[in-house]
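Structure data follow from my_file.pdb (PDB, C-alpha atoms, pLDDT in the B column):
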ATOM      1  CA  MET A   1      47.501  93.856  85.417  1.00 52.00           C
ATOM      2  CA  SER A   2      46.601  95.246  88.849  1.00 58.00           C
ATOM      3  CA  GLN A   3      49.086  96.884  91.150  1.00 73.00           C
ATOM      4  CA  ASN A   4      49.029  96.055  94.821  1.00 91.00           C
ATOM      5  CA  LYS A   5      50.666  99.343  95.733  1.00 94.00           C
ATOM      6  CA  THR A   6      49.255 102.721  96.694  1.00 95.00           C
ATOM      7  CA  ALA A   7      51.039 106.069  96.489  1.00 95.00           C
ATOM      8  CA  ILE A   8      51.082 108.206  99.639  1.00 96.00           C
ATOM      9  CA  SER A   9      51.386 111.957  99.259  1.00 95.00           C
ATOM     10  CA  THR A  10      51.161 115.005 101.505  1.00 96.00           C
ATOM     11  CA  LYS A  11      51.685 118.727 101.063  1.00 96.00           C
ATOM     12  CA  ASP A  12      53.393 118.699 104.494  1.00 96.00           C
ATOM     13  CA  ALA A  13      56.512 117.188 102.897  1.00 97.00           C
ATOM     14  CA  PRO A  14      58.371 118.257  99.750  1.00 94.00           C
ATOM     15  CA  THR A  15      56.592 117.359  96.529  1.00 90.00           C
ATOM     16  CA  ALA A  16      58.160 114.574  94.467  1.00 85.00           C
ATOM     17  CA  ILE A  17      60.129 116.276  91.678  1.00 78.00           C
ATOM     18  CA  GLY A  18      60.502 113.221  89.494  1.00 86.00           C
ATOM     19  CA  PRO A  19      58.860 109.928  88.601  1.00 93.00           C
ATOM     20  CA  TYR A  20      58.587 108.684  92.174  1.00 94.00           C
ATOM     21  CA  SER A  21      56.168 108.772  95.117  1.00 95.00           C
ATOM     22  CA  GLN A  22      56.809 110.253  98.555  1.00 97.00           C
ATOM     23  CA  ALA A  23      55.928 106.768  99.816  1.00 97.00           C
ATOM     24  CA  VAL A  24      54.332 103.567  98.593  1.00 97.00           C
ATOM     25  CA  ARG A  25      52.126 101.255 100.653  1.00 96.00           C
ATOM     26  CA  VAL A  26      52.150  97.540  99.878  1.00 96.00           C
ATOM     27  CA  GLY A  27      49.911  95.597 102.244  1.00 94.00           C
ATOM     28  CA  ASP A  28      50.825  96.669 105.778  1.00 94.00           C
ATOM     29  CA  MET A  29      54.264  97.921 104.722  1.00 96.00           C
ATOM     30  CA  LEU A  30      55.219 101.490 103.834  1.00 97.00           C
ATOM     31  CA  PHE A  31      58.358 102.375 101.870  1.00 98.00           C
ATOM     32  CA  THR A  32      59.346 106.042 101.852  1.00 98.00           C
ATOM     33  CA  SER A  33      61.492 107.808  99.325  1.00 97.00           C
ATOM     34  CA  GLY A  34      64.561 109.482 100.733  1.00 97.00           C
ATOM     35  CA  GLN A  35      63.935 112.912 102.202  1.00 97.00           C
ATOM     36  CA  VAL A  36      66.424 115.757 102.192  1.00 97.00           C
ATOM     37  CA  ALA A  37      66.039 118.984 104.184  1.00 97.00           C
ATOM     38  CA  LEU A  38      63.699 120.801 101.816  1.00 97.00           C
ATOM     39  CA  ASP A  39      61.113 123.118 103.324  1.00 96.00           C
ATOM     40  CA  PRO A  40      57.783 121.716 102.057  1.00 96.00           C
ATOM     41  CA  HIS A  41      56.317 125.199 101.610  1.00 95.00           C
ATOM     42  CA  THR A  42      59.183 126.896  99.769  1.00 94.00           C
ATOM     43  CA  GLY A  43      61.000 123.951  98.202  1.00 93.00           C
ATOM     44  CA  ALA A  44      64.289 125.457  99.405  1.00 95.00           C
ATOM     45  CA  LEU A  45      66.956 123.680 101.419  1.00 96.00           C
ATOM     46  CA  VAL A  46      66.733 124.813 105.057  1.00 97.00           C
ATOM     47  CA  THR A  47      69.507 127.041 106.298  1.00 94.00           C
ATOM     48  CA  GLY A  48      71.943 125.828 108.918  1.00 95.00           C
ATOM     49  CA  GLY A  49      74.053 122.747 109.368  1.00 98.00           C
ATOM     50  CA  ILE A  50      73.539 119.058 110.033  1.00 98.00           C
ATOM     51  CA  VAL A  51      71.321 119.613 113.117  1.00 98.00           C
ATOM     52  CA  GLU A  52      68.846 121.821 111.238  1.00 98.00           C
ATOM     53  CA  GLN A  53      68.915 119.596 108.152  1.00 98.00           C
ATOM     54  CA  THR A  54      68.433 116.350 110.108  1.00 98.00           C
ATOM     55  CA  THR A  55      65.505 117.906 111.995  1.00 98.00           C
ATOM     56  CA  ARG A  56      63.830 119.003 108.722  1.00 98.00           C
ATOM     57  CA  VAL A  57      64.435 115.594 107.110  1.00 98.00           C
ATOM     58  CA  LEU A  58      62.812 113.808 110.051  1.00 98.00           C
ATOM     59  CA  GLU A  59      59.883 116.248 110.137  1.00 98.00           C
ATOM     60  CA  ASN A  60      59.379 115.553 106.417  1.00 98.00           C
ATOM     61  CA  LEU A  61      59.431 111.789 107.038  1.00 98.00           C
ATOM     62  CA  LYS A  62      57.057 112.215 109.984  1.00 97.00           C
ATOM     63  CA  ALA A  63      54.619 114.071 107.680  1.00 98.00           C
ATOM     64  CA  VAL A  64      54.755 111.304 105.050  1.00 98.00           C
ATOM     65  CA  LEU A  65      54.192 108.620 107.696  1.00 97.00           C
ATOM     66  CA  SER A  66      51.291 110.645 109.130  1.00 97.00           C
ATOM     67  CA  ALA A  67      49.700 110.861 105.677  1.00 97.00           C
ATOM     68  CA  ALA A  68      49.785 107.061 105.661  1.00 96.00           C
ATOM     69  CA  GLY A  69      48.124 106.964 109.097  1.00 95.00           C
ATOM     70  CA  ILE A  70      51.190 105.780 111.005  1.00 96.00           C
ATOM     71  CA  ASP A  71      53.996 107.355 113.023  1.00 94.00           C
ATOM     72  CA  MET A  72      57.696 106.984 113.830  1.00 95.00           C
ATOM     73  CA  ILE A  73      57.150 104.036 116.191  1.00 94.00           C
ATOM     74  CA  HIS A  74      56.095 101.961 113.161  1.00 95.00           C
ATOM     75  CA  VAL A  75      59.464 102.394 111.402  1.00 97.00           C
ATOM     76  CA  VAL A  76      61.411  99.127 111.288  1.00 97.00           C
ATOM     77  CA  LYS A  77      64.373 100.111 109.056  1.00 98.00           C
ATOM     78  CA  THR A  78      66.089 103.315 108.006  1.00 98.00           C
ATOM     79  CA  THR A  79      68.920 104.171 105.669  1.00 98.00           C
ATOM     80  CA  VAL A  80      70.856 107.370 106.362  1.00 98.00           C
ATOM     81  CA  PHE A  81      73.001 108.934 103.659  1.00 98.00           C
ATOM     82  CA  LEU A  82      75.565 111.438 104.937  1.00 98.00           C
ATOM     83  CA  LYS A  83      77.655 113.760 102.818  1.00 98.00           C
ATOM     84  CA  ASP A  84      80.321 113.720 105.557  1.00 97.00           C
ATOM     85  CA  MET A  85      80.761 111.067 108.271  1.00 98.00           C
ATOM     86  CA  LYS A  86      82.069 113.834 110.550  1.00 98.00           C
ATOM     87  CA  ASP A  87      78.379 114.789 110.894  1.00 98.00           C
ATOM     88  CA  PHE A  88      77.459 111.331 112.261  1.00 98.00           C
ATOM     89  CA  ALA A  89      77.366 112.215 115.983  1.00 98.00           C
ATOM     90  CA  ALA A  90      75.286 115.373 115.502  1.00 98.00           C
ATOM     91  CA  MET A  91      72.870 113.592 113.116  1.00 98.00           C
ATOM     92  CA  ASN A  92      72.608 110.659 115.528  1.00 97.00           C
ATOM     93  CA  GLU A  93      71.649 112.919 118.435  1.00 97.00           C
ATOM     94  CA  ILE A  94      68.661 114.350 116.515  1.00 98.00           C
ATOM     95  CA  TYR A  95      67.804 110.935 115.012  1.00 98.00           C
ATOM     96  CA  ALA A  96      67.588 109.406 118.510  1.00 97.00           C
ATOM     97  CA  LYS A  97      64.976 111.980 119.599  1.00 96.00           C
ATOM     98  CA  TYR A  98      62.673 110.828 116.784  1.00 97.00           C
ATOM     99  CA  PHE A  99      63.343 107.107 116.624  1.00 97.00           C
ATOM    100  CA  ALA A 100      64.557 106.073 120.078  1.00 93.00           C
ATOM    101  CA  PRO A 101      62.680 107.895 122.830  1.00 92.00           C
ATOM    102  CA  GLU A 102      62.594 106.159 126.215  1.00 91.00           C
ATOM    103  CA  GLY A 103      60.951 102.720 125.979  1.00 91.00           C
ATOM    104  CA  VAL A 104      60.878 102.534 122.155  1.00 92.00           C
ATOM    105  CA  VAL A 105      62.791  99.892 120.214  1.00 94.00           C
ATOM    106  CA  PRO A 106      64.736 101.842 117.585  1.00 96.00           C
ATOM    107  CA  PRO A 107      64.592 100.657 113.963  1.00 97.00           C
ATOM    108  CA  ALA A 108      67.405  98.785 112.284  1.00 98.00           C
ATOM    109  CA  ARG A 109      69.632 101.242 110.419  1.00 98.00           C
ATOM    110  CA  SER A 110      72.371 101.555 107.843  1.00 98.00           C
ATOM    111  CA  THR A 111      74.399 104.754 107.557  1.00 98.00           C
ATOM    112  CA  VAL A 112      76.595 105.394 104.544  1.00 98.00           C
ATOM    113  CA  ALA A 113      78.749 108.263 103.339  1.00 97.00           C
ATOM    114  CA  VAL A 114      77.950 109.452  99.830  1.00 97.00           C
ATOM    115  CA  ALA A 115      79.752 111.677  97.334  1.00 96.00           C
ATOM    116  CA  GLY A 116      76.775 114.007  96.992  1.00 95.00           C
ATOM    117  CA  LEU A 117      73.063 114.465  97.596  1.00 95.00           C
ATOM    118  CA  PRO A 118      70.295 116.396  95.789  1.00 92.00           C
ATOM    119  CA  LYS A 119      70.495 120.195  96.297  1.00 92.00           C
ATOM    120  CA  ASP A 120      73.916 119.620  97.928  1.00 95.00           C
ATOM    121  CA  ALA A 121      72.117 118.483 101.116  1.00 97.00           C
ATOM    122  CA  LEU A 122      74.133 117.154 104.056  1.00 98.00           C
ATOM    123  CA  VAL A 123      71.796 114.245 104.899  1.00 98.00           C
ATOM    124  CA  GLU A 124      69.073 112.115 103.323  1.00 98.00           C
ATOM    125  CA  ILE A 125      67.010 109.497 105.155  1.00 98.00           C
ATOM    126  CA  GLU A 126      64.577 106.871 103.880  1.00 98.00           C
ATOM    127  CA  CYS A 127      62.597 104.361 105.889  1.00 98.00           C
ATOM    128  CA  ILE A 128      60.461 101.259 105.853  1.00 98.00           C
ATOM    129  CA  ALA A 129      57.524 101.026 108.246  1.00 97.00           C
ATOM    130  CA  LYS A 130      55.010  98.346 109.170  1.00 96.00           C
ATOM    131  CA  GLU A 131      51.469  99.358 110.124  1.00 88.00           C
ATOM    132  CA  SER A 132      51.513  97.280 113.291  1.00 76.00           C
ATOM    133  CA  PRO A 133      54.776  97.774 115.168  1.00 53.00           C
ATOM    134  CA  ALA A 134      56.949  94.682 115.380  1.00 51.00           C
ATOM    135  CA  GLU A 135      56.329  92.879 118.655  1.00 48.00           C
TER
END
I need this file expressed as C-alpha cells, please.
Amino acid sequence: MSQNKTAISTKDAPTAIGPYSQAVRVGDMLFTSGQVALDPHTGALVTGGIVEQTTRVLENLKAVLSAAGIDMIHVVKTTVFLKDMKDFAAMNEIYAKYFAPEGVVPPARSTVAVAGLPKDALVEIECIAKESPAE
C-alpha cells in the first residue's frame, strides 16, 4: 500500500515529540501540526506573554512552511487555540502582521478557547496551505 503523503521537517521549528510530523504534504496541500511557543533551539517555552508566544508560534509555522517551499500567503485556513479568550485581541494583532499584510487575503480561521495546552502554553496555531494561493 503506497502513501500519497510526505512528511515535512525542519530544525528551524520545534522537533516533533511524539508520533506526528511537523507537517504533511498531500498533493498541493500542506497540513501543519499545531505549534506552541517552543524555541526550536532549546525546546523551552519562550518567556513573556501572549505577544511573545504568538510571535514564536508564527515564526515556527513560517519555518515549517518554508521547509515545504511555501510561505504564509499560501495559508488558506488556520485554527487558533487560546488558553484564555482575554488574549484574543493581543494575539490577533500579531496574527494580522503575518497573515493579513496590506493587499493579502487572510486565511479562513477558527479560534477556540481550550482548558490547557502542551507545556502550559498560552496559544497554539495550526494551518492548512495550498501550494498555489487561492485565486
Straight-line distance linking atom CA of Thr54 of chain A with atom CA of Gln35 of chain A, stated in Å to one decimal:
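Value for the atom CA of Thr54 of chain A-atom CA of Gln35 of chain A distance: 9.7 Å.
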Using the chain letters and numbering of this document, enumerate as a ChimeraX atom specification the residues selected by the PyMOL selection byres ((chain A and resi 70-77) around 9).
/A:30,61-69,78-79,98-100,104-110,126-134
Mind pulling up the distance from atom CA of Gly103 of chain A to atom CA of Asp12 of chain A?
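It comes out at 27.8 Å.
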Suppose a student applies the PyMOL selection byres ((chain A and resi 37-40) around 6) to this structure; what residues should they get, written as a PyMOL selection string?
chain A and resi 12-14+36+41-46+53+56-57
Ile50 of chain A environment, 9 Å, only C-alpha atoms, sequence neighbours closer than 6 positions dropped, as a ChimeraX atom specification:
/A:87-88,90-91,122-123
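Each of A:Gly27, A:Pro118, A:Asn60, A:Glu93 was checked against Thr15 of chain A using only C-alpha atoms; the smallest atom-to-atom distance is that of A:Asn60.
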Which residue gives the smallest distance to Tyr95 of chain A among A:Val51, A:Val114, A:Met29, A:Ile17, with only C-alpha atoms counted?
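Using only C-alpha atoms, the shortest distance to Tyr95 of chain A belongs to A:Val51.
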May I ask for the distance between atom CA of Gln3 of chain A and atom CA of Val26 of chain A, given in Å to one decimal place?
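Result for atom CA of Gln3 of chain A versus atom CA of Val26 of chain A: 9.3 Å, one decimal.
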